[in-house]
$ cat protein-v2.txt   # compact mmCIF, C-alpha atoms and all ligand atoms
# COMPACT_ATOMS: atom_id res chain seq x y z
CA MET A 1 -16.44 -22.73 11.47
CA GLU A 2 -18.62 -25.13 13.35
CA GLN A 3 -17.32 -28.60 14.21
CA VAL A 4 -19.80 -31.47 13.89
CA PHE A 5 -20.09 -35.22 13.79
CA VAL A 6 -22.03 -36.46 10.79
CA VAL A 7 -23.67 -39.61 12.12
CA ARG A 8 -25.08 -42.30 9.82
CA TYR A 9 -27.36 -45.15 10.77
CA SER A 10 -28.65 -48.06 8.83
CA GLU A 11 -32.10 -47.43 7.44
CA ILE A 12 -32.63 -50.94 6.16
CA GLY A 13 -35.97 -52.26 7.28
CA LEU A 14 -37.00 -48.93 8.74
CA LYS A 15 -40.20 -47.54 7.36
CA GLY A 16 -42.83 -44.97 8.30
CA LYS A 17 -43.57 -44.82 11.98
CA ASN A 18 -40.81 -47.24 12.89
CA ARG A 19 -38.30 -44.97 11.32
CA ASP A 20 -39.53 -41.92 13.22
CA PHE A 21 -39.43 -43.90 16.43
CA PHE A 22 -35.91 -45.13 15.75
CA GLU A 23 -34.63 -41.66 14.87
CA LYS A 24 -36.23 -40.00 17.87
CA ARG A 25 -34.73 -42.59 20.18
CA LEU A 26 -31.32 -42.33 18.58
CA ILE A 27 -31.31 -38.55 18.93
CA ASP A 28 -32.53 -38.71 22.50
CA ASN A 29 -29.83 -41.25 23.37
CA ILE A 30 -27.15 -39.10 21.72
CA ILE A 31 -28.28 -36.07 23.73
CA LYS A 32 -28.13 -38.01 26.99
CA ILE A 33 -25.01 -40.09 26.39
CA VAL A 34 -22.83 -37.69 24.37
CA ARG A 35 -24.12 -34.44 25.88
CA PRO A 36 -23.24 -32.27 22.84
CA ALA A 37 -24.10 -28.63 22.19
CA ALA A 38 -27.04 -29.64 19.97
CA VAL A 39 -28.29 -32.43 17.74
CA ASN A 40 -30.37 -32.20 14.56
CA LYS A 41 -31.82 -34.66 12.16
CA ARG A 42 -30.92 -33.75 8.61
CA TYR A 43 -31.59 -35.65 5.42
CA GLY A 44 -31.33 -39.15 6.85
CA ARG A 45 -28.31 -38.25 8.96
CA VAL A 46 -27.90 -36.98 12.46
CA ILE A 47 -25.72 -33.91 12.92
CA VAL A 48 -24.10 -33.70 16.34
CA ARG A 49 -22.91 -30.16 17.03
CA ILE A 50 -19.77 -30.00 19.13
CA GLY A 51 -19.96 -26.33 20.13
CA ARG A 52 -17.42 -25.45 22.81
CA ASN A 53 -16.98 -29.06 23.91
CA ASN A 54 -13.80 -31.03 23.44
CA PRO A 55 -14.33 -33.14 20.28
CA GLU A 56 -12.24 -36.00 21.67
CA VAL A 57 -14.36 -36.28 24.77
CA LEU A 58 -17.57 -36.31 22.73
CA GLU A 59 -16.12 -38.82 20.28
CA GLU A 60 -15.33 -41.20 23.12
CA ARG A 61 -18.93 -40.98 24.31
CA LEU A 62 -20.34 -41.29 20.80
CA ARG A 63 -18.85 -44.77 20.68
CA TYR A 64 -21.27 -45.82 23.42
CA VAL A 65 -24.35 -44.93 21.39
CA LEU A 66 -25.78 -48.12 19.90
CA GLY A 67 -27.60 -47.82 16.58
CA ILE A 68 -24.88 -45.81 14.82
CA GLN A 69 -23.35 -47.40 11.73
CA ASN A 70 -20.54 -44.91 11.21
CA TYR A 71 -19.67 -41.25 11.67
CA SER A 72 -17.29 -38.57 10.44
CA LEU A 73 -15.79 -35.65 12.28
CA GLY A 74 -16.02 -32.52 10.16
CA TYR A 75 -17.37 -29.02 9.73
CA ALA A 76 -20.71 -27.41 8.94
CA LEU A 77 -20.21 -24.42 6.61
CA PRO A 78 -22.45 -21.87 4.88
CA HIS A 79 -22.88 -21.98 1.09
CA ASP A 80 -19.49 -20.44 0.44
CA LEU A 81 -17.18 -22.32 -1.90
CA ASP A 82 -14.03 -20.55 -0.66
CA GLN A 83 -14.67 -21.72 2.88
CA VAL A 84 -15.35 -25.23 1.60
CA LYS A 85 -12.05 -25.27 -0.28
CA ASP A 86 -10.07 -23.97 2.67
CA THR A 87 -11.62 -26.51 5.00
CA ALA A 88 -10.91 -29.35 2.58
CA LEU A 89 -7.32 -28.12 2.36
CA LYS A 90 -6.96 -28.01 6.12
CA LEU A 91 -8.28 -31.57 6.46
CA ALA A 92 -5.94 -32.71 3.66
CA GLN A 93 -2.94 -31.06 5.34
CA ASP A 94 -3.62 -33.02 8.52
CA GLU A 95 -3.67 -36.28 6.56
CA VAL A 96 -0.51 -35.42 4.62
CA SER A 97 1.33 -34.63 7.82
CA ASN A 98 0.42 -38.19 8.89
CA GLY A 99 2.02 -39.58 5.74
CA ALA A 100 -0.87 -39.82 3.26
CA LYS A 101 0.04 -39.37 -0.41
CA THR A 102 -3.20 -39.85 -2.35
CA PHE A 103 -6.75 -38.58 -1.94
CA LYS A 104 -10.05 -37.94 -3.58
CA ILE A 105 -12.92 -35.54 -3.08
CA ALA A 106 -16.33 -37.21 -2.83
CA ALA A 107 -18.93 -34.49 -3.24
CA GLN A 108 -22.67 -35.01 -3.06
CA ARG A 109 -25.18 -32.37 -4.07
CA GLY A 110 -28.34 -33.09 -2.14
CA PHE A 111 -29.46 -29.48 -2.70
CA LYS A 112 -29.93 -29.28 -6.46
CA GLU A 113 -30.02 -25.49 -6.67
CA PHE A 114 -26.39 -25.18 -5.70
CA PRO A 115 -24.60 -23.84 -8.82
CA LEU A 116 -21.98 -26.60 -9.10
CA ASN A 117 -22.89 -30.26 -9.50
CA SER A 118 -20.97 -33.02 -7.75
CA ILE A 119 -18.51 -33.62 -10.59
CA GLU A 120 -17.72 -29.91 -10.80
CA LEU A 121 -17.32 -29.73 -7.04
CA ASN A 122 -14.90 -32.66 -7.04
CA ARG A 123 -12.87 -31.00 -9.75
CA GLU A 124 -12.75 -27.49 -8.25
CA ILE A 125 -12.03 -28.51 -4.70
CA GLY A 126 -9.60 -31.23 -5.79
CA ALA A 127 -7.67 -28.75 -7.96
CA TYR A 128 -7.44 -26.30 -5.08
CA VAL A 129 -6.02 -28.95 -2.74
CA LEU A 130 -3.50 -30.05 -5.39
CA GLU A 131 -2.35 -26.49 -6.04
CA ASN A 132 -1.56 -26.04 -2.38
CA ILE A 133 -0.03 -29.40 -1.54
CA GLY A 134 2.52 -30.26 -4.23
CA GLU A 135 3.31 -33.82 -3.16
CA LEU A 136 -0.32 -35.02 -3.09
CA LYS A 137 -1.95 -36.97 -5.95
CA VAL A 138 -5.52 -37.89 -6.81
CA ASP A 139 -6.44 -41.56 -6.74
CA VAL A 140 -10.13 -42.15 -7.33
CA HIS A 141 -9.99 -45.92 -6.84
CA ASN A 142 -7.86 -46.42 -3.78
CA PRO A 143 -7.10 -43.11 -2.08
CA ALA A 144 -5.29 -42.92 1.25
CA PHE A 145 -8.04 -40.55 2.40
CA GLU A 146 -11.32 -39.24 1.13
CA ILE A 147 -12.80 -35.83 1.80
CA GLY A 148 -16.57 -35.80 1.80
CA VAL A 149 -18.44 -32.66 0.75
CA ASP A 150 -22.14 -32.86 1.36
CA VAL A 151 -24.11 -29.92 -0.03
CA ARG A 152 -27.46 -29.50 1.67
CA GLU A 153 -30.11 -26.82 1.57
CA LYS A 154 -28.86 -24.85 4.56
CA GLU A 155 -25.31 -26.03 5.08
CA ILE A 156 -22.38 -27.77 3.48
CA PHE A 157 -20.70 -30.50 5.50
CA VAL A 158 -17.03 -31.16 4.90
CA PHE A 159 -15.37 -34.12 6.58
CA CYS A 160 -12.60 -36.64 6.22
CA GLY A 161 -13.12 -40.42 6.26
CA ARG A 162 -15.61 -42.50 8.23
CA ARG A 163 -15.26 -44.45 11.41
CA ASN A 164 -17.36 -47.55 11.89
CA LEU A 165 -19.26 -48.31 15.07
CA SER A 166 -21.13 -51.46 16.02
CA GLY A 167 -24.51 -50.55 14.53
CA GLY A 168 -27.50 -52.30 16.04
CA LEU A 169 -30.58 -50.46 17.29
CA PRO A 170 -30.86 -47.52 19.67
CA VAL A 171 -31.31 -48.64 23.26
CA GLY A 172 -34.98 -48.52 24.17
CA VAL A 173 -36.63 -49.17 20.80
CA SER A 174 -37.20 -52.82 21.65
CA GLY A 175 -38.50 -52.22 25.17
CA ARG A 176 -37.04 -53.25 28.51
CA ALA A 177 -35.55 -56.49 29.83
CA MET A 178 -34.03 -57.79 33.05
CA LEU A 179 -30.47 -59.09 32.77
CA LEU A 180 -29.45 -61.80 35.21
CA LEU A 181 -25.99 -60.51 36.03
CA SER A 182 -23.82 -63.02 37.83
CA GLY A 183 -20.35 -61.56 38.07
CA GLY A 184 -19.03 -64.14 35.60
CA ILE A 185 -17.62 -63.39 32.16
CA ASP A 186 -20.73 -64.21 30.15
CA SER A 187 -23.66 -62.29 31.52
CA PRO A 188 -22.23 -58.75 31.07
CA VAL A 189 -21.51 -59.62 27.43
CA ALA A 190 -25.04 -60.96 27.03
CA GLY A 191 -26.31 -57.65 28.41
CA TRP A 192 -24.36 -55.72 25.81
CA TYR A 193 -25.77 -57.79 22.95
CA ALA A 194 -29.27 -57.33 24.32
CA MET A 195 -28.75 -53.56 24.38
CA LYS A 196 -27.44 -53.75 20.85
CA ARG A 197 -30.81 -55.10 19.75
CA GLY A 198 -32.50 -52.07 21.26
CA LEU A 199 -33.32 -53.40 24.72
CA GLU A 200 -33.04 -51.10 27.67
CA ILE A 201 -31.77 -53.24 30.52
CA GLN A 202 -31.95 -53.40 34.28
CA THR A 203 -29.85 -55.99 36.11
CA LEU A 204 -30.61 -58.50 38.81
CA SER A 205 -27.94 -60.32 40.81
CA PHE A 206 -28.40 -62.98 43.46
CA LEU A 207 -25.84 -63.06 46.22
CA SER A 208 -25.41 -65.28 49.28
CA PRO A 209 -24.56 -63.09 52.24
CA PRO A 210 -22.72 -63.57 54.54
CA MET A 211 -20.71 -66.00 52.37
CA THR A 212 -20.52 -63.27 49.78
CA THR A 213 -19.21 -59.93 50.99
CA GLU A 214 -19.27 -56.28 50.03
CA LYS A 215 -16.56 -57.12 47.51
CA SER A 216 -19.04 -59.18 45.51
CA VAL A 217 -21.49 -56.28 45.59
CA GLN A 218 -18.78 -53.90 44.44
CA LYS A 219 -17.79 -56.26 41.64
CA ILE A 220 -21.38 -56.37 40.36
CA LEU A 221 -21.66 -52.58 40.57
CA ASP A 222 -18.39 -52.18 38.67
CA LEU A 223 -19.74 -54.38 35.89
CA GLY A 224 -22.92 -52.34 35.89
CA LYS A 225 -20.93 -49.15 35.57
CA ILE A 226 -19.50 -50.38 32.28
CA LEU A 227 -22.89 -51.45 30.94
CA SER A 228 -24.42 -48.14 32.00
CA ARG A 229 -22.26 -46.26 29.50
CA TYR A 230 -24.51 -47.51 26.75
CA LEU A 231 -27.70 -46.39 28.46
CA PRO A 232 -29.30 -42.96 28.25
CA ASN A 233 -30.33 -43.11 31.91
CA PRO A 234 -28.69 -44.54 35.05
CA LEU A 235 -28.72 -48.34 35.18
CA LYS A 236 -31.06 -49.81 37.79
CA MET A 237 -29.34 -52.73 39.48
CA TRP A 238 -31.24 -55.09 41.79
CA ILE A 239 -29.47 -57.26 44.31
CA VAL A 240 -31.32 -60.07 46.08
CA PRO A 241 -30.01 -62.23 48.93
CA LEU A 242 -30.69 -65.84 47.98
CA THR A 243 -29.05 -67.52 50.98
CA GLU A 244 -32.21 -68.70 52.78
CA VAL A 245 -33.67 -70.14 49.60
CA GLN A 246 -30.41 -71.90 48.79
CA MET A 247 -30.01 -73.36 52.27
CA TYR A 248 -33.55 -74.67 52.26
CA ILE A 249 -33.10 -76.32 48.85
CA LYS A 250 -29.77 -77.80 49.90
CA ASP A 251 -31.33 -79.30 53.03
CA SER A 252 -34.60 -80.48 51.54
CA ALA A 253 -34.04 -81.66 47.96
CA PRO A 254 -31.82 -84.26 46.22
CA ASP A 255 -28.34 -82.79 45.83
CA GLU A 256 -28.13 -83.39 42.06
CA TYR A 257 -31.19 -81.19 41.47
CA SER A 258 -30.23 -78.39 43.80
CA LEU A 259 -28.73 -76.26 41.04
CA ILE A 260 -31.80 -76.48 38.83
CA LEU A 261 -34.07 -75.79 41.76
CA GLN A 262 -32.04 -72.74 42.75
CA ARG A 263 -32.19 -71.49 39.20
CA ARG A 264 -35.94 -72.00 39.12
CA SER A 265 -36.23 -69.91 42.28
CA MET A 266 -34.09 -67.24 40.62
CA MET A 267 -36.43 -67.26 37.63
CA ARG A 268 -39.52 -66.80 39.74
CA ILE A 269 -38.00 -63.95 41.72
CA ALA A 270 -36.65 -62.41 38.53
CA SER A 271 -40.11 -62.61 36.94
CA MET A 272 -41.61 -60.77 39.91
CA ILE A 273 -39.04 -57.99 39.80
CA ALA A 274 -39.18 -57.77 36.01
CA ARG A 275 -42.97 -57.40 35.92
CA ARG A 276 -42.94 -54.65 38.51
CA ASN A 277 -40.47 -52.77 36.40
CA LYS A 278 -42.24 -53.31 33.10
CA ALA A 279 -39.49 -55.54 31.75
CA LYS A 280 -40.79 -57.91 29.10
CA ALA A 281 -38.01 -60.50 29.04
CA ILE A 282 -35.24 -62.05 31.11
CA ILE A 283 -31.73 -62.19 29.67
CA THR A 284 -29.08 -64.70 30.69
CA GLY A 285 -25.49 -65.34 29.68
CA GLU A 286 -26.15 -69.00 28.97
CA THR A 287 -24.68 -70.72 25.95
CA LEU A 288 -25.66 -74.14 24.83
CA GLY A 289 -23.69 -77.06 26.21
CA GLN A 290 -21.00 -75.07 27.95
CA VAL A 291 -21.48 -76.56 31.40
CA ALA A 292 -23.68 -79.21 33.00
CA SER A 293 -26.39 -76.71 33.82
CA GLN A 294 -26.61 -75.53 30.23
CA THR A 295 -27.93 -78.58 28.44
CA LEU A 296 -31.15 -78.11 26.52
CA THR A 297 -33.21 -80.13 28.99
CA ASN A 298 -31.83 -78.18 31.95
CA MET A 299 -32.44 -74.86 30.27
CA ALA A 300 -35.99 -75.93 29.58
CA ALA A 301 -36.42 -77.01 33.21
CA VAL A 302 -35.20 -73.63 34.43
CA GLU A 303 -37.11 -71.55 31.90
CA ASP A 304 -40.27 -73.41 32.87
CA ALA A 305 -40.25 -71.43 36.14
CA SER A 306 -40.12 -68.04 34.40
CA SER A 307 -43.31 -66.23 33.53
CA LEU A 308 -41.46 -64.14 30.93
CA ILE A 309 -39.55 -65.19 27.85
CA VAL A 310 -35.88 -65.89 28.44
CA LEU A 311 -33.41 -64.48 25.90
CA ARG A 312 -29.93 -65.93 25.56
CA PRO A 313 -27.94 -63.63 23.29
CA LEU A 314 -24.81 -65.81 23.58
CA VAL A 315 -26.38 -69.10 22.61
CA GLY A 316 -24.17 -69.50 19.53
CA PHE A 317 -20.97 -68.21 21.11
CA ASP A 318 -18.01 -70.19 22.28
CA LYS A 319 -15.95 -69.13 25.25
CA LEU A 320 -13.23 -67.56 23.11
CA GLU A 321 -15.69 -65.27 21.35
CA THR A 322 -17.32 -64.24 24.59
CA THR A 323 -13.96 -63.60 26.24
CA LYS A 324 -12.82 -61.48 23.32
CA LYS A 325 -15.92 -59.33 23.54
CA ALA A 326 -15.62 -59.07 27.34
CA LYS A 327 -12.09 -57.72 26.86
CA GLU A 328 -13.27 -55.22 24.29
CA LEU A 329 -16.02 -54.00 26.58
CA GLY A 330 -13.70 -53.84 29.58
CA THR A 331 -15.73 -56.23 31.72
CA PHE A 332 -13.25 -59.12 31.56
CA GLU A 333 -10.80 -57.78 34.14
CA ILE A 334 -13.65 -57.21 36.57
CA SER A 335 -15.30 -60.58 35.93
CA ILE A 336 -12.13 -62.51 36.74
CA GLN A 337 -11.84 -60.99 40.20
CA PRO A 338 -12.25 -63.86 42.68
CA TYR A 339 -15.35 -62.56 44.49
CA ILE A 340 -18.08 -65.14 44.03
CA ASP A 341 -21.74 -64.70 43.24
CA SER A 342 -24.24 -66.91 44.96
CA CYS A 343 -24.01 -70.14 43.08
CA THR A 344 -20.53 -71.38 43.81
CA ALA A 345 -21.27 -71.53 47.52
CA PHE A 346 -24.11 -74.02 47.02
CA SER A 347 -23.10 -76.00 43.95
CA PRO A 348 -24.05 -79.67 43.95
CA LYS A 349 -21.19 -82.16 43.79
CA LYS A 350 -22.64 -83.83 40.71
CA PRO A 351 -25.29 -81.68 39.05
CA ALA A 352 -27.89 -83.49 36.96
CA THR A 353 -27.34 -82.98 33.23
CA LYS A 354 -30.69 -84.36 32.17
CA SER A 355 -33.63 -83.31 34.22
CA ASP A 356 -37.15 -84.47 33.68
CA ILE A 357 -39.43 -81.50 34.02
CA ASN A 358 -42.24 -83.47 35.65
CA GLU A 359 -39.86 -84.92 38.19
CA ILE A 360 -38.52 -81.47 39.01
CA ARG A 361 -42.00 -80.05 39.45
CA GLU A 362 -42.88 -82.97 41.67
CA ILE A 363 -39.83 -82.46 43.90
CA GLU A 364 -40.42 -78.74 44.03
CA SER A 365 -44.06 -79.14 45.02
CA LYS A 366 -42.90 -80.86 48.19
CA LEU A 367 -40.75 -77.93 49.20
CA GLU A 368 -43.49 -76.30 51.21
CA LYS A 369 -41.57 -73.30 52.45
CA LEU A 370 -40.03 -72.45 49.11
CA SER A 371 -42.46 -69.87 47.84
CA ASP A 372 -42.49 -68.00 51.17
CA LEU A 373 -38.71 -67.92 51.22
CA GLU A 374 -38.67 -66.68 47.63
CA TYR A 375 -41.11 -63.94 48.51
CA GLU A 376 -38.96 -62.91 51.49
CA ALA A 377 -35.91 -62.78 49.26
CA PHE A 378 -37.88 -60.67 46.78
CA GLN A 379 -38.83 -58.28 49.57
CA LYS A 380 -35.22 -57.93 50.62
CA ARG A 381 -34.21 -56.74 47.16
CA GLU A 382 -31.98 -53.70 47.12
CA LEU A 383 -31.80 -51.14 44.35
CA TYR A 384 -28.63 -49.40 43.21
CA LYS A 385 -28.51 -46.81 40.47
CA VAL A 386 -25.33 -46.60 38.51
CA GLY A 387 -24.88 -43.71 36.11
CA ASN A 388 -22.60 -42.51 33.36
CA ASP A 389 -20.77 -40.01 35.62
P1 LIG A 401 -21.55 -66.29 33.71
O1 LIG A 401 -20.18 -66.25 33.11
O2 LIG A 401 -22.46 -65.22 33.18
O3 LIG A 401 -21.53 -66.35 35.22
P2 LIG A 401 -21.62 -69.10 33.56
O4 LIG A 401 -20.86 -69.59 32.39
O5 LIG A 401 -20.96 -69.06 34.90
O6 LIG A 401 -22.18 -67.65 33.21
P3 LIG A 401 -23.88 -70.31 34.85
O7 LIG A 401 -23.26 -70.22 36.16
O8 LIG A 401 -24.57 -71.57 34.44
O9 LIG A 401 -22.91 -69.99 33.63
O10 LIG A 401 -24.94 -69.13 34.73
C1 LIG A 401 -25.73 -69.00 33.60
C2 LIG A 401 -26.46 -67.68 33.65
O11 LIG A 401 -27.37 -67.65 34.75
C3 LIG A 401 -25.54 -66.49 33.88
O12 LIG A 401 -24.98 -66.04 32.67
C4 LIG A 401 -26.50 -65.49 34.47
O13 LIG A 401 -27.26 -64.86 33.47
C5 LIG A 401 -27.40 -66.36 35.32
N1 LIG A 401 -26.91 -66.42 36.72
C6 LIG A 401 -26.18 -67.39 37.27
N2 LIG A 401 -25.90 -67.11 38.57
C7 LIG A 401 -26.45 -65.90 38.84
C8 LIG A 401 -26.52 -65.04 39.98
N3 LIG A 401 -25.93 -65.37 41.12
N4 LIG A 401 -27.17 -63.86 39.86
C9 LIG A 401 -27.76 -63.53 38.71
N5 LIG A 401 -27.75 -64.30 37.60
C10 LIG A 401 -27.11 -65.47 37.65
MG MG A 402 -21.32 -67.90 36.58
$ encode --input "protein-v2.txt" --output "structure tokens"
Amino acid sequence: MEQVFVVRYSEIGLKGKNRDFFEKRLIDNIIKIVRPAAVNKRYGRVIVRIGRNNPEVLEERLRYVLGIQNYSLGYALPHDLDQVKDTALKLAQDEVSNGAKTFKIAAQRGFKEFPLNSIELNREIGAYVLENIGELKVDVHNPAFEIGVDVREKEIFVFCGRRNLSGGLPVGVSGRAMLLLSGGIDSPVAGWYAMKRGLEIQTLSFLSPPMTTEKSVQKILDLGKILSRYLPNPLKMWIVPLTEVQMYIKDSAPDEYSLILQRRSMMRIASMIARRNKAKAIITGETLGQVASQTLTNMAAVEDASSLIVLRPLVGFDKLETTKKAKELGTFEISIQPYIDSCTAFSPKKPATKSDINEIREIESKLEKLSDLEYEAFQKRELYKVGND
């Protein structure tokens, strides 16, 4: 008896070539993230074959595959009704030993040449389960558990219940983007939501050595490790020392604008790194109106320096929602470690909340050394690759 996961994905809005592309990517991601014995596409489902692997280990990894709506753990059987009945009974016994008292069989006959139709299958298999487990009753409307029997041309799948996952799109179908990863609570969460819409991410973090230490680097890498679970390949993480740029801005520009100017430098450097790595967008953890730097005018003034579109997956979130998700993902505990990223070291005392874009450009144009310093910072970029074990 072969153990499998029956994996279901949402097909809404997927047609023709798009659908093929989606399915290929999903299967490829499952192979790389879950590392099962084999994977096949069957009748609008994906069958993940467990083989000699430990099902619990694979199930844990399956949860990191974005694009899956739900899945069931079950068995793939030949066209042999006795085996189907015995398997259904075994699954039912497990549920009963956990306290379940009612059930139903939900058979589907996708392969029309099978001698019994779905109603007959429900009846036969249900009767067999009832004969063998005296205390169990059928409840078609609100059963404690449901045993699915899916009859297909080559195999019959028998499974119990469904477990929901977060859905979304398989990582990679939407292309690649560069996540600005700060070490705060928000940006790792933003990265997850970007991946959920099918973006394959790389990360970029600006640090201020020697004010920031190896601990800050380690913190960033630890965050990356968590995000990398959702990726089919190791996560590429870029780290850029921004200290010289920050010191120059601090010394040469009005204090209230220093934050916006620093962010504009980050955007230009990020655009350079993104383009070289074929990333088509920059992602940030910004939300609207959370802090002084995140007013609409300031966002516009910062985005103005980027040559790529800037995506802000958390724009409609409040801090509670973001924190909840960060806890779920496991990034929260890392984010609250006290090791700073670059910005805190050079924050203005009173950052401007309304910045006129023309004024900013004017001030920036007088910072003669800025673009050289940005280019030097870009050249000092370091690459780390963080993998899923
Ligand atoms: P976070 O919790 O992600 O740090 P935040 O609430 O602290 O966000 P800001 O400090 O205004 O808000 O940062 C907004 C966004 O800018 C971050 O989410 C991140 O995407 C980017 N960012 C800020 N500082 C850095 C940095 N040092 N390196 C990389 N990206 C940064
Ligand atoms: Mg921050």
$ residues_near_ligand --input "protein-v2.txt" --ligand "ligand LIG 401 (chain A)" --cutoff "7 Å" --atoms "only C-alpha atoms and all ligand atoms" --output "PyMOL selection string"
chain A and resi 179-188+204-207+283-286+291+293-294+341-343
$ closest_residue --input "protein-v2.txt" --among "A:Val386, A:Ser271, A:Asp356, A:Leu288" --to "Gly316 of chain A" --atoms "only C-alpha atoms"
A:Leu288
$ residues_around --input "protein-v2.txt" --residues "Ala127 of chain A" --least-positions-apart "4" --cutoff "12 Å" --atoms "only C-alpha atoms" --output "ChimeraX atom specification"
/A:85-86,88-89,103-105,120-123,131-134,136-138
$ atom_distance --input "protein-v2.txt" --atom1 "atom CA of Arg63 of chain A" --atom2 "atom CA of Ile33 of chain A"
9.6 Å
$ closest_residue --input "protein-v2.txt" --among "A:Glu364, A:Pro254, A:Ala352, A:Gly172" --to "Phe21 of chain A" --atoms "all atoms listed in the file"
A:Gly172
$ closest_residue --input "protein-v2.txt" --among "A:Arg263, A:Glu362, A:Phe5, A:Lys385" --to "ligand MG 402 (chain A)" --atoms "all atoms listed in the file"
A:Arg263
$ atom_distance --input "protein-v2.txt" --atom1 "atom CA of Ala37 of chain A" --atom2 "atom CA of Gln202 of chain A"
28.7 Å
$ closest_residue --input "protein-v2.txt" --among "A:Pro313, A:Leu373, A:Thr287, A:Glu60" --to "ligand MG 402 (chain A)" --atoms "only C-alpha atoms and all ligand atoms"
A:Thr287
$ closest_residue --input "protein-v2.txt" --among "A:Ile363, A:Ile336, A:Ala177, A:Leu227" --to "Glu256 of chain A" --atoms "only C-alpha atoms"
A:Ile363
$ residues_around --input "protein-v2.txt" --residues "Gly67 of chain A" --least-positions-apart "3" --cutoff "10 Å" --atoms "only C-alpha atoms" --output "number ranges by chain"
A: 8-10, 22-23, 25-26, 29, 64, 70, 165-171, 195-198
$ write_last_selection --input "protein-v2.txt" --atoms "C-alpha atoms" --output "PDB file, in the frame of the given file"
ATOM      1  CA  ARG A   8     -25.080 -42.300   9.820  1.00  0.00           C
ATOM      2  CA  TYR A   9     -27.360 -45.150  10.770  1.00  0.00           C
ATOM      3  CA  SER A  10     -28.650 -48.060   8.830  1.00  0.00           C
ATOM      4  CA  PHE A  22     -35.910 -45.130  15.750  1.00  0.00           C
ATOM      5  CA  GLU A  23     -34.630 -41.660  14.870  1.00  0.00           C
ATOM      6  CA  ARG A  25     -34.730 -42.590  20.180  1.00  0.00           C
ATOM      7  CA  LEU A  26     -31.320 -42.330  18.580  1.00  0.00           C
ATOM      8  CA  ASN A  29     -29.830 -41.250  23.370  1.00  0.00           C
ATOM      9  CA  TYR A  64     -21.270 -45.820  23.420  1.00  0.00           C
ATOM     10  CA  ASN A  70     -20.540 -44.910  11.210  1.00  0.00           C
ATOM     11  CA  LEU A 165     -19.260 -48.310  15.070  1.00  0.00           C
ATOM     12  CA  SER A 166     -21.130 -51.460  16.020  1.00  0.00           C
ATOM     13  CA  GLY A 167     -24.510 -50.550  14.530  1.00  0.00           C
ATOM     14  CA  GLY A 168     -27.500 -52.300  16.040  1.00  0.00           C
ATOM     15  CA  LEU A 169     -30.580 -50.460  17.290  1.00  0.00           C
ATOM     16  CA  PRO A 170     -30.860 -47.520  19.670  1.00  0.00           C
ATOM     17  CA  VAL A 171     -31.310 -48.640  23.260  1.00  0.00           C
ATOM     18  CA  MET A 195     -28.750 -53.560  24.380  1.00  0.00           C
ATOM     19  CA  LYS A 196     -27.440 -53.750  20.850  1.00  0.00           C
ATOM     20  CA  ARG A 197     -30.810 -55.100  19.750  1.00  0.00           C
ATOM     21  CA  GLY A 198     -32.500 -52.070  21.260  1.00  0.00           C
TER      22      GLY A 198
END
$ residues_around --input "protein-v2.txt" --residues "Tyr248 of chain A" --least-positions-apart "5" --cutoff "12 Å" --atoms "only C-alpha atoms" --output "list of chain:residue names"
A:Leu242, A:Thr243, A:Ala253, A:Pro254, A:Asp255, A:Ser258, A:Leu261, A:Gln262, A:Ser265, A:Phe346, A:Glu364, A:Lys366, A:Leu367, A:Glu368, A:Lys369, A:Leu370, A:Ser371, A:Asp372, A:Leu373, A:Glu374
$ atom_distance --input "protein-v2.txt" --atom1 "atom CA of Val34 of chain A" --atom2 "atom CA of Trp192 of chain A"
18.2 Å
